[in-house]
Amino acid sequence: PGLTATEIHVAVIADTPDPIAGVNTWAAIVNGRKGGLGGRKVVVDAFTVNGDAAKYAAAVTTACTQDFAIVGSSSVADGATTDLVACAIPDLPARAFTAAHRGAAGTYAVVPTSPTKEQVGGFKFLLGAVQGCCKQYVVKSTDAGQAIATESSMQAAVTAGFTTAGSTALATDAPDSAYTGVATSMQTSGATFGRSDLPFDSTITLRTAGASLTGVKAWFCLAQCYSPTFLSQGGPAVASEYVQIGTNPFEEAAAIPALKTYLAHSGPQTEPAVESYAASLLFDQATRQVLAQVGKDGLTRALVLGKVAATNGFTAGNILGPTNVGGRVPTGCFVMMQVTNGKFTRVSPTTAKTLSCGDQNLVTVGP
């Protein structure tokens, strides 16, 4: 399914537009080259599911019948795997969020994750680099699943050496007055580290409400804040914010051809988009390997899956750290950026085009 003499159809299933844009960027690059992908034009069938499990399941069912592969997907509701496994479609998401999806035959995320491994590399860096850090106060989501993920990360930080001042659960549309209460709680509890795991506008509101909290030595955000819009909307309020990402930064694209090409084709400057682009490059590589062996008419889902399953050390052209995709091994890779003079600046590791990777950046959690 999804193959004709002139076209190859791939599906992307996502909760937000950015992963879809990342895959479309790859398709535009491929289709702009002579011969496309092995003599075929790439056609992207996009499904926006907004975190709805039923919509995700329906998208998988449709993709099984009309698409050659599912590439670059990113949905927190990705637990429907019955049809995914039954139709043996290559499934190369940016990330697999549920245990069922992570373990499904034929699923190989370009950024492997594990329910028993948490990233602590950034926390270890902050402990060593920021004097007086880190007694954490964290804003988490009112969504139960997202809150569990935040709580697991908080506990991992404690394992790395953090202490905890408290946390507050807020909805994404919580009023500014709710953040005034958070700032008061941070002051009362003696917090020296502040973090919100909600979308980046939450971090901007938190920083605005906590502008007078001189006791907070480090403000921290994950990759949802790594966006030009965060800088433009946050302005001086988000100065010195630490932002942890899992890819080499866009600021170094001039020296990283894969990133340079991505930006030249208007790829969004967000981590979800570029991770889906990286997943597309994985599919591109595996497909071309098969085509080199069997020719255009010999391309099959099974052969592509075989190449992906054997992939180790994949970097998507140095966008990612070396990744054992076939083994589904979390890498622990990160880069710590900081907002300086209205721009994102690399602070760790200090060497350009380099990510900090390895087991030292991971901690085992859970039973």
# chains A, B, ... in the order shown; residues from 1 in each chain; ligands from 1

$ residues_around --residues "region 144-159 of chain A" --least-positions-apart "4" --cutoff "8 Å" --atoms "only C-alpha atoms" --output "PyMOL selection string"
chain A and resi 118-120+123+140+163-164+169+197+363+365

$ select_by_dssp --residues "region 232-297 of chain A" --states "strand (DSSP E)" --output "number ranges by chain"
A: 242-245

$ residues_around --residues "Gly358 (chain A)" --least-positions-apart "3" --cutoff "10 Å" --atoms "only C-alpha atoms" --output "VMD selection string"
chain A and resid 121 321 to 322 330 to 334 355 361 to 362

$ atom_distance --atom1 "CA of Gly210 (chain A)" --atom2 "CA of Glu271 (chain A)"
26.5 Å

$ closest_residue --among "A:Gly166, A:Gly72, A:Gly317, A:Gly35" --to "Pro17 (chain A)" --atoms "only C-alpha atoms"
A:Gly72

$ residues_around --residues "Thr192 (chain A)" --least-positions-apart "2" --cutoff "8 Å" --atoms "only C-alpha atoms" --output "PyMOL selection string"
chain A and resi 132-137+190+194+215-218

$ closest_residue --among "A:Thr48, A:Ser177, A:Thr142, A:Asn324" --to "Pro19 (chain A)" --atoms "only C-alpha atoms"
A:Thr48

$ closest_residue --among "A:Met336, A:Leu291, A:Ala104, A:Val110" --to "Leu92 (chain A)" --atoms "only C-alpha atoms"
A:Val110

$ closest_residue --among "A:Ala94, A:Leu206, A:Ala21, A:Ala309" --to "Val138 (chain A)" --atoms "only C-alpha atoms"
A:Leu206

$ closest_residue --among "A:Pro115, A:Gly32, A:Gly38, A:Pro249" --to "Gln285 (chain A)" --atoms "only C-alpha atoms"
A:Gly38

$ select_by_dssp --residues "region 115-217 of chain A" --states "helix (DSSP H, G or I)" --output "PDB file with C-alpha atoms, in the first residue's frame"
ATOM      1  CA  GLY A 121      22.064  15.310  32.645  1.00  0.00           C
ATOM      2  CA  GLY A 122      20.772  18.851  32.676  1.00  0.00           C
ATOM      3  CA  PHE A 123      20.014  18.719  36.381  1.00  0.00           C
ATOM      4  CA  LYS A 124      23.545  17.532  37.142  1.00  0.00           C
ATOM      5  CA  PHE A 125      24.934  20.386  35.074  1.00  0.00           C
ATOM      6  CA  LEU A 126      22.878  22.986  36.946  1.00  0.00           C
ATOM      7  CA  LEU A 127      23.911  21.615  40.329  1.00  0.00           C
ATOM      8  CA  GLY A 128      27.531  22.103  39.411  1.00  0.00           C
ATOM      9  CA  ALA A 129      27.216  25.370  37.507  1.00  0.00           C
ATOM     10  CA  ALA A 144      -3.054  13.273  34.812  1.00  0.00           C
ATOM     11  CA  GLY A 145      -0.726  11.701  32.257  1.00  0.00           C
ATOM     12  CA  GLN A 146       1.370  14.813  31.811  1.00  0.00           C
ATOM     13  CA  ALA A 147       1.516  15.357  35.572  1.00  0.00           C
ATOM     14  CA  ILE A 148       2.863  11.844  36.088  1.00  0.00           C
ATOM     15  CA  ALA A 149       5.634  12.548  33.590  1.00  0.00           C
ATOM     16  CA  THR A 150       6.566  15.763  35.401  1.00  0.00           C
ATOM     17  CA  GLU A 151       6.532  14.057  38.800  1.00  0.00           C
ATOM     18  CA  SER A 152       8.810  11.324  37.489  1.00  0.00           C
ATOM     19  CA  SER A 153      11.238  13.969  36.223  1.00  0.00           C
ATOM     20  CA  MET A 154      11.097  15.773  39.577  1.00  0.00           C
ATOM     21  CA  GLN A 155      11.943  12.565  41.397  1.00  0.00           C
ATOM     22  CA  ALA A 156      14.810  11.925  39.007  1.00  0.00           C
ATOM     23  CA  ALA A 157      16.131  15.401  39.816  1.00  0.00           C
ATOM     24  CA  VAL A 158      16.073  14.497  43.509  1.00  0.00           C
ATOM     25  CA  THR A 159      18.077  11.389  42.700  1.00  0.00           C
ATOM     26  CA  ALA A 160      20.624  13.646  41.005  1.00  0.00           C
ATOM     27  CA  ASP A 176      -2.220  35.253  35.732  1.00  0.00           C
ATOM     28  CA  SER A 177      -3.489  35.426  39.314  1.00  0.00           C
ATOM     29  CA  ALA A 178      -2.766  31.707  39.705  1.00  0.00           C
ATOM     30  CA  TYR A 179       0.901  32.407  38.963  1.00  0.00           C
ATOM     31  CA  THR A 180       0.952  35.130  41.597  1.00  0.00           C
ATOM     32  CA  GLY A 181       0.033  32.401  44.063  1.00  0.00           C
ATOM     33  CA  VAL A 182       2.805  30.191  42.702  1.00  0.00           C
ATOM     34  CA  ALA A 183       5.353  32.973  43.182  1.00  0.00           C
ATOM     35  CA  THR A 184       4.174  33.450  46.766  1.00  0.00           C
ATOM     36  CA  SER A 185       4.548  29.725  47.435  1.00  0.00           C
ATOM     37  CA  MET A 186       8.033  29.745  45.937  1.00  0.00           C
ATOM     38  CA  GLN A 187       9.009  32.629  48.197  1.00  0.00           C
ATOM     39  CA  THR A 188       7.569  30.979  51.284  1.00  0.00           C
ATOM     40  CA  SER A 189       9.156  27.609  50.597  1.00  0.00           C
ATOM     41  CA  PHE A 200       5.987  28.126  26.934  1.00  0.00           C
ATOM     42  CA  ASP A 201       3.520  30.928  27.655  1.00  0.00           C
ATOM     43  CA  SER A 202       3.213  29.442  31.144  1.00  0.00           C
ATOM     44  CA  THR A 203       6.934  29.946  31.660  1.00  0.00           C
ATOM     45  CA  ILE A 204       6.645  33.553  30.523  1.00  0.00           C
ATOM     46  CA  THR A 205       3.804  34.177  32.986  1.00  0.00           C
ATOM     47  CA  LEU A 206       5.702  32.397  35.755  1.00  0.00           C
ATOM     48  CA  ARG A 207       8.807  34.494  35.157  1.00  0.00           C
ATOM     49  CA  THR A 208       6.752  37.680  35.126  1.00  0.00           C
ATOM     50  CA  ALA A 209       5.038  36.769  38.402  1.00  0.00           C
TER      51      ALA A 209
END
